[in-house]
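Have a look at final_20.txt below; it lists compact mmCIF, C-alpha atoms.
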# COMPACT_ATOMS: atom_id res chain seq x y z
CA MET A 1 144.24 211.08 233.78
CA GLY A 2 141.51 213.24 232.22
CA GLU A 3 140.40 210.38 229.93
CA TYR A 4 139.17 208.41 232.95
CA GLN A 5 137.23 211.18 234.69
CA LYS A 6 133.85 209.74 233.70
CA LEU A 7 134.61 206.48 235.49
CA GLY A 8 133.96 208.20 238.81
CA THR A 9 130.28 208.74 237.91
CA GLU A 10 129.56 205.22 236.59
CA ARG A 11 128.41 202.11 238.42
CA PHE A 12 129.82 198.71 237.55
CA HIS A 13 128.37 195.25 238.06
CA ASP A 14 131.71 193.74 238.98
CA LEU A 15 135.46 194.11 238.49
CA GLN A 16 135.32 192.62 235.00
CA ASP A 17 132.87 195.32 233.95
CA MET A 18 135.17 198.02 235.35
CA TYR A 19 138.30 196.58 233.71
CA ALA A 20 136.50 196.38 230.37
CA LYS A 21 135.39 200.00 230.63
CA ILE A 22 138.95 201.13 231.43
CA LEU A 23 140.20 199.36 228.30
CA THR A 24 137.50 200.92 226.12
CA ILE A 25 138.87 204.31 227.20
CA GLY A 26 142.59 203.54 227.41
CA ILE A 27 143.19 201.53 224.24
CA PRO A 28 141.95 204.29 221.88
CA VAL A 29 144.33 206.67 223.65
CA LEU A 30 147.23 204.32 222.85
CA ILE A 31 146.05 203.97 219.26
CA ARG A 32 145.81 207.74 218.76
CA GLY A 33 149.36 208.12 220.05
CA GLY A 34 150.55 205.36 217.71
CA LEU A 35 151.39 201.81 218.76
CA PHE A 36 154.83 201.57 220.27
CA LYS A 37 157.51 200.34 217.87
CA ASP A 38 161.04 199.13 218.41
CA TYR A 39 163.73 197.20 216.60
CA VAL A 40 163.27 193.43 216.69
CA SER A 41 165.66 190.76 215.45
CA ILE A 42 164.33 188.86 212.42
CA GLN A 43 165.61 185.57 211.02
CA GLY A 44 164.86 185.04 207.35
CA THR A 45 166.15 184.08 203.95
CA SER A 46 166.71 186.25 200.89
CA ASN A 47 168.66 186.48 197.67
CA VAL A 48 169.67 190.02 198.65
CA ILE A 49 172.08 190.61 201.53
CA LYS A 50 170.79 192.75 204.38
CA GLY A 51 171.76 192.64 208.01
CA LYS A 52 174.11 189.83 208.98
CA LEU A 53 174.76 186.60 207.14
CA ASP A 54 173.88 183.52 209.22
CA LEU A 55 176.40 181.11 207.72
CA ASN A 56 175.59 178.15 209.98
CA ARG A 57 171.87 178.26 209.19
CA THR A 58 172.61 178.81 205.50
CA LEU A 59 174.63 175.57 205.40
CA LYS A 60 172.29 173.55 207.61
CA THR A 61 169.12 174.45 205.70
CA ASN A 62 170.67 174.26 202.24
CA THR A 63 169.24 177.62 201.29
CA LEU A 64 172.00 178.04 198.69
CA LEU A 65 170.29 175.39 196.58
CA ARG A 66 167.37 177.82 196.27
CA LYS A 67 169.79 180.68 195.55
CA ASN A 68 169.03 182.22 198.96
CA ILE A 69 171.04 182.84 202.08
CA ALA A 70 169.99 182.91 205.73
CA LEU A 71 170.07 186.34 207.31
CA VAL A 72 169.60 188.02 210.67
CA TYR A 73 168.49 191.64 210.52
CA ASP A 74 166.73 194.27 212.63
CA GLU A 75 163.32 195.58 211.69
CA PHE A 76 161.44 198.54 213.17
CA SER A 77 158.18 196.89 214.14
CA GLU A 78 155.10 197.14 216.36
CA ASP A 79 155.08 193.35 216.74
CA LEU A 80 156.24 193.60 220.36
CA LEU A 81 155.19 191.90 223.58
CA LEU A 82 153.27 194.94 224.86
CA ASN A 83 151.09 195.07 221.75
CA GLN A 84 150.80 191.27 221.64
CA LEU A 85 149.43 191.22 225.19
CA ILE A 86 146.83 193.85 224.37
CA LYS A 87 145.78 192.05 221.18
CA ALA A 88 145.52 188.70 222.97
CA THR A 89 143.37 190.31 225.67
CA LEU A 90 141.14 191.90 223.02
CA LEU A 91 140.70 188.56 221.24
CA TYR A 92 139.65 186.91 224.46
CA LEU A 93 137.23 189.70 225.33
CA CYS A 94 135.67 189.48 221.85
CA ARG A 95 134.77 185.85 222.58
CA SER A 96 133.94 186.12 226.26
CA PRO A 97 130.32 185.18 227.11
CA LYS A 98 130.74 187.11 230.37
CA LEU A 99 130.57 190.43 228.48
CA SER A 100 127.61 191.92 226.65
CA ARG A 101 127.39 191.68 222.87
CA ALA A 102 127.82 195.45 222.55
CA LYS A 103 131.07 195.39 224.53
CA ARG A 104 132.40 192.42 222.56
CA LYS A 105 131.64 194.29 219.34
CA GLY A 106 133.42 197.37 220.64
CA PHE A 107 136.57 195.42 221.45
CA HIS A 108 136.45 193.73 218.04
CA GLY A 109 136.58 197.20 216.48
CA PHE A 110 140.06 197.75 217.95
CA LEU A 111 141.58 194.64 216.33
CA PRO A 112 142.30 196.13 212.86
CA TYR A 113 144.81 198.49 214.50
CA PHE A 114 146.75 195.41 215.66
CA SER A 115 146.81 193.66 212.26
CA GLN A 116 150.64 193.74 212.15
CA VAL A 117 150.90 192.27 215.64
CA SER A 118 151.32 188.50 216.10
CA ASP A 119 148.77 186.39 217.94
CA ILE A 120 149.99 184.86 221.20
CA GLU A 121 148.38 182.66 223.82
CA LEU A 122 148.11 184.32 227.20
CA HIS A 123 149.78 182.65 230.15
CA GLY A 124 151.09 183.84 233.47
CA ASN A 125 154.79 183.86 232.62
CA LEU A 126 154.37 186.39 229.81
CA TRP A 127 153.83 189.26 232.23
CA LYS A 128 157.22 188.61 233.81
CA ASN A 129 158.90 189.52 230.52
CA VAL A 130 157.38 193.01 230.32
CA ARG A 131 159.92 195.81 230.65
CA TYR A 132 159.14 199.52 230.77
CA HIS A 133 161.22 202.53 229.87
CA ARG A 134 160.63 206.16 228.99
CA GLN A 135 159.33 205.45 225.47
CA ASN A 136 156.70 202.84 226.44
CA LEU A 137 155.73 203.96 229.94
CA ARG A 138 152.30 205.09 228.69
CA TYR A 139 151.44 201.39 228.25
CA GLN A 140 151.91 200.47 231.91
CA PHE A 141 148.41 201.13 233.25
CA ILE A 142 146.66 199.40 230.32
CA ILE A 143 148.98 196.39 230.52
CA ASP A 144 148.31 196.12 234.26
CA VAL A 145 144.57 196.13 233.59
CA CYS A 146 145.04 193.44 230.92
CA ARG A 147 146.89 191.33 233.47
CA LEU A 148 144.15 191.80 236.07
CA LEU A 149 141.56 190.80 233.47
CA TYR A 150 143.60 187.73 232.62
CA GLU A 151 143.67 186.72 236.27
CA ASP A 152 139.97 187.46 236.71
CA LEU A 153 138.51 186.05 233.49
CA LEU A 154 140.86 183.34 232.29
CA LEU A 155 141.43 181.54 235.55
CA ASP A 156 138.85 178.87 236.44
CA GLU A 157 136.38 180.58 238.73
CA HIS A 158 134.72 177.28 239.61
CA THR A 159 137.75 176.35 241.71
CA THR A 160 137.60 179.58 243.70
CA THR A 161 135.60 179.81 246.92
CA GLY A 162 133.51 182.86 247.70
CA SER A 163 135.86 184.13 250.40
CA HIS A 164 138.91 183.55 248.22
CA ARG A 165 137.19 185.35 245.35
CA GLU A 166 136.46 188.36 247.55
CA PHE A 167 140.12 188.42 248.63
CA GLN A 168 141.26 188.34 244.99
CA ASP A 169 138.91 191.21 244.10
CA THR A 170 140.25 193.31 246.97
CA GLN A 171 143.83 192.60 245.90
CA SER A 172 143.03 193.63 242.33
CA LEU A 173 141.41 196.87 243.44
CA ALA A 174 144.36 197.58 245.72
CA SER A 175 146.72 197.22 242.76
CA ILE A 176 144.62 199.59 240.65
CA PHE A 177 144.38 202.11 243.50
CA GLU A 178 148.16 202.12 243.98
CA LYS A 179 148.80 202.56 240.26
CA PHE A 180 146.19 205.30 239.99
CA ILE A 181 147.84 207.32 242.77
CA TYR A 182 151.26 206.92 241.14
CA ALA A 183 149.97 207.87 237.68
CA PHE A 184 148.09 210.88 239.06
CA TYR A 185 151.14 212.46 240.70
CA LYS A 186 153.26 211.58 237.67
CA ARG A 187 150.94 213.37 235.24
CA GLU A 188 149.31 216.09 237.30
CA THR A 189 152.30 217.51 239.21
CA ASN A 190 155.87 218.62 238.67
CA TYR A 191 157.17 216.61 241.61
CA HIS A 192 159.85 214.00 241.11
CA VAL A 193 157.75 210.82 241.30
CA PHE A 194 159.43 207.42 241.58
CA ARG A 195 159.28 204.02 243.33
CA PRO A 196 162.66 203.40 244.94
CA GLN A 197 163.68 200.50 247.12
CA ILE A 198 164.95 201.54 250.53
CA SER A 199 168.01 199.90 252.05
CA TRP A 200 168.14 199.02 255.71
CA HIS A 201 170.23 201.48 257.69
CA THR A 202 172.24 198.90 259.61
CA ASP A 203 175.14 199.92 261.83
CA ASP A 204 177.65 197.50 260.30
CA GLY A 205 176.25 197.24 256.77
CA PHE A 206 175.18 193.58 257.19
CA GLN A 207 171.76 193.14 255.50
CA GLU A 208 171.58 189.42 254.71
CA ALA A 209 168.02 187.97 254.96
CA LEU A 210 166.44 191.37 255.68
CA PRO A 211 163.21 191.87 253.68
CA MET A 212 163.15 194.24 250.73
CA MET A 213 161.54 197.64 251.35
CA GLN A 214 159.71 198.51 248.13
CA THR A 215 157.87 201.83 248.24
CA ASP A 216 154.57 202.45 246.47
CA LEU A 217 155.71 205.94 245.51
CA VAL A 218 157.91 208.79 246.68
CA LEU A 219 157.40 212.48 245.89
CA GLN A 220 160.27 214.97 246.03
CA LYS A 221 160.53 218.71 245.64
CA ASP A 222 163.69 220.64 246.46
CA HIS A 223 164.84 219.35 249.88
CA ARG A 224 161.51 217.77 250.83
CA THR A 225 160.62 214.08 250.47
CA LEU A 226 157.23 212.43 251.00
CA ILE A 227 157.01 208.63 251.15
CA ILE A 228 153.46 207.44 250.37
CA ASP A 229 152.07 204.00 251.10
CA ALA A 230 148.71 203.38 249.39
CA LYS A 231 146.25 201.00 251.05
CA PHE A 232 142.94 199.57 249.85
CA TYR A 233 141.06 197.66 252.53
CA THR A 234 137.46 196.93 253.41
CA LYS A 235 138.27 198.38 256.87
CA ASN A 236 140.74 201.22 257.36
CA MET A 237 140.57 201.28 261.17
CA ARG A 238 139.82 198.53 263.65
CA ALA A 239 138.66 198.09 267.22
CA ARG A 240 139.95 195.34 269.49
CA PHE A 241 136.39 194.52 270.51
CA GLU A 242 132.89 195.54 269.46
CA GLY A 243 132.15 199.09 270.59
CA GLY A 244 135.82 199.76 271.34
CA THR A 245 137.84 202.75 270.21
CA MET A 246 138.85 202.64 266.55
CA LYS A 247 142.62 202.46 266.06
CA HIS A 248 144.98 202.51 263.13
CA THR A 249 146.32 199.19 261.86
CA SER A 250 149.66 198.88 263.64
CA SER A 251 151.41 196.92 260.87
CA ASN A 252 150.74 199.74 258.37
CA LEU A 253 152.15 202.36 260.73
CA TYR A 254 155.20 200.22 261.51
CA GLN A 255 155.85 199.75 257.79
CA LEU A 256 155.70 203.48 257.05
CA PHE A 257 157.76 204.30 260.15
CA THR A 258 160.43 201.86 258.96
CA TYR A 259 160.51 203.37 255.48
CA VAL A 260 160.93 206.92 256.78
CA ASN A 261 163.59 206.05 259.34
CA ASN A 262 165.69 204.04 256.88
CA TRP A 263 165.56 206.67 254.14
CA GLN A 264 169.09 207.83 253.29
CA LYS A 265 168.47 211.47 254.12
CA LYS A 266 170.67 214.16 252.61
CA GLU A 267 171.81 217.27 254.39
CA ALA A 268 168.93 219.73 255.04
CA GLU A 269 166.41 217.22 253.66
CA THR A 270 163.07 216.75 255.47
CA VAL A 271 161.38 213.35 255.14
CA SER A 272 157.69 212.73 255.81
CA GLY A 273 155.40 209.74 255.44
CA MET A 274 151.77 209.32 254.44
CA LEU A 275 149.36 206.41 254.62
CA LEU A 276 146.75 206.95 251.93
CA TYR A 277 143.64 204.78 252.20
CA ALA A 278 140.65 204.51 249.89
CA LYS A 279 137.68 205.76 251.90
CA THR A 280 135.21 203.09 253.00
CA THR A 281 131.58 203.32 254.15
CA ALA A 282 132.58 203.25 257.83
CA GLU A 283 131.51 206.26 259.88
CA ILE A 284 135.00 206.85 261.30
CA GLN A 285 137.73 207.44 258.71
CA PRO A 286 141.45 208.05 259.26
CA ASN A 287 142.46 211.70 259.02
CA HIS A 288 145.35 212.37 261.38
CA LEU A 289 148.69 214.14 261.51
CA TYR A 290 151.46 213.01 263.89
CA GLN A 291 154.93 214.30 264.75
CA VAL A 292 157.25 211.44 265.73
CA LYS A 293 161.02 211.78 266.24
CA GLY A 294 161.31 214.81 263.99
CA HIS A 295 159.19 213.39 261.16
CA THR A 296 155.63 214.17 260.10
CA TYR A 297 153.25 211.28 259.47
CA ALA A 298 149.90 211.90 257.77
CA ILE A 299 147.03 209.43 257.46
CA HIS A 300 144.21 210.21 255.04
CA ALA A 301 141.23 208.47 253.43
CA LEU A 302 140.61 209.48 249.81
CA ASP A 303 136.94 209.59 248.80
CA LEU A 304 136.79 207.85 245.42
CA GLN A 305 133.02 208.37 245.16
CA GLN A 306 133.41 212.10 244.49
CA ASP A 307 133.97 213.47 241.01
CA PHE A 308 137.46 213.60 239.54
CA GLN A 309 137.92 217.29 240.32
CA GLY A 310 137.36 216.58 244.00
CA ILE A 311 139.80 213.68 243.93
CA LYS A 312 142.37 215.89 242.19
CA GLU A 313 142.01 218.67 244.74
CA ASP A 314 142.37 216.26 247.67
CA LEU A 315 145.47 214.54 246.29
CA LEU A 316 147.16 217.84 245.48
CA CYS A 317 146.32 219.17 248.94
CA TYR A 318 147.74 216.09 250.68
CA ALA A 319 151.08 216.48 248.91
CA GLN A 320 151.31 220.26 249.19
CA ARG A 321 151.10 220.11 252.99
CA HIS A 322 154.43 218.31 253.02
CA LEU A 323 156.23 219.59 249.93
CA ASN A 324 155.38 223.31 249.73
How does the structure come out when it is put into structure tokens?
Amino acid sequence: MGEYQKLGTERFHDLQDMYAKILTIGIPVLIRGGLFKDYVSIQGTSNVIKGKLDLNRTLKTNTLLRKNIALVYDEFSEDLLLNQLIKATLLYLCRSPKLSRAKRKGFHGFLPYFSQVSDIELHGNLWKNVRYHRQNLRYQFIIDVCRLLYEDLLLDEHTTTGSHREFQDTQSLASIFEKFIYAFYKRETNYHVFRPQISWHTDDGFQEALPMMQTDLVLQKDHRTLIIDAKFYTKNMRARFEGGTMKHTSSNLYQLFTYVNNWQKKEAETVSGMLLYAKTTAEIQPNHLYQVKGHTYAIHALDLQQDFQGIKEDLLCYAQRHLN
């Protein structure tokens, strides 16, 4: 997370400007670590046998007449979907009139590192084919930013109303906020950090048509578990009428309460829940601790305007109250 510390002190014109800046920091980090490679299946022809002989294709294409045979073999290559998505995003950014000439030139400078990666045309279905595992997990944040840029830059903005556009921007920032919190605890702590789905604790085991409970992140240490739900809203607390008392959003509390109470708790395990908001400009911000039915529920607002060291100290403090 240290690579992105300077972002907290910069001002951005819009989301596109912020996404572009994240990529100018994150892509060199990927390059320095080496582009991810894996074995890919290649179909080709040769006069030397390697891999497996594809007899059907050899006969259908008459390769024997050219003294060749059709083969299928594995090759250790960086020509993978993850790298293809990054390259396609870079190519678009290099041509985008919405970015300054200096930024376009900077992105163009990354392209030589992707010379062995095929060109693809970006479309929405590609992102559904992305799969992560231990070896390529470092790509996740950058790929998510590429996807957000695709949605923000490539989609026709002329068909989007102002209110709809604002909603899309908020959704994009919410996604980044959630991923930032997950990545922070993954890299800056020794907690077990994961995103499990929680099953409904029904009496008879019947769960048909019940909605899926997908957590944002869960932290574990020894026999302590903290379920965190990250929220990014323009308003963190609301009043029923102007001048009324500010209250927490009930749906968020109900969601967290449901997660905690359906967690399959082990013997001697303590389970807590936390709503973590991004701090807004409102005078009253959530900062409360509740004890409900044997569980602790914390609600905090993280100030993202402070420097990274302050953000780090706050996030560590929030977790330590429950896990230490």
- Might you pull out every residue within 12 Å of A:Val130, with all atoms listed in the file counted and same-chain residues fewer than 5 positions away left off, and present them as a ChimeraX atom specification? /A:80-85,124-125,136-137,139-140,143-144,147
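Closest approach to A:Lys105 among A:Ile27, A:Leu93, A:Leu253, A:Ile198: A:Leu93, based on all atoms listed in the file.
Picture a line from atom CA of A:Glu75 to atom CA of A:Gln116; it runs 12.8 Å.
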- Taking into account all atoms listed in the file, which residue in the set A:Glu283, A:Asp222, A:Glu313, A:Asp17 is nearest to A:Leu99? A:Asp17
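Using all atoms listed in the file, the smallest distance between any of A:Gln320, A:Pro28, A:Ser199, A:Ala174 and A:Phe114 comes from A:Pro28.
Of the listed residues A:Arg32, A:Lys235, A:Lys266, A:His223, the one whose atoms come nearest to A:Pro286 is A:Lys235, with distances taken using all atoms listed in the file.
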- Nearest-residue call for A:Thr24, choices A:Ala102, A:Val260, A:Ala319, A:Ile311, using all atoms listed in the file: A:Ala102
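In this model, the gap between atom CA of A:Ile22 and atom CA of A:Arg95 comes to 18.1 Å.
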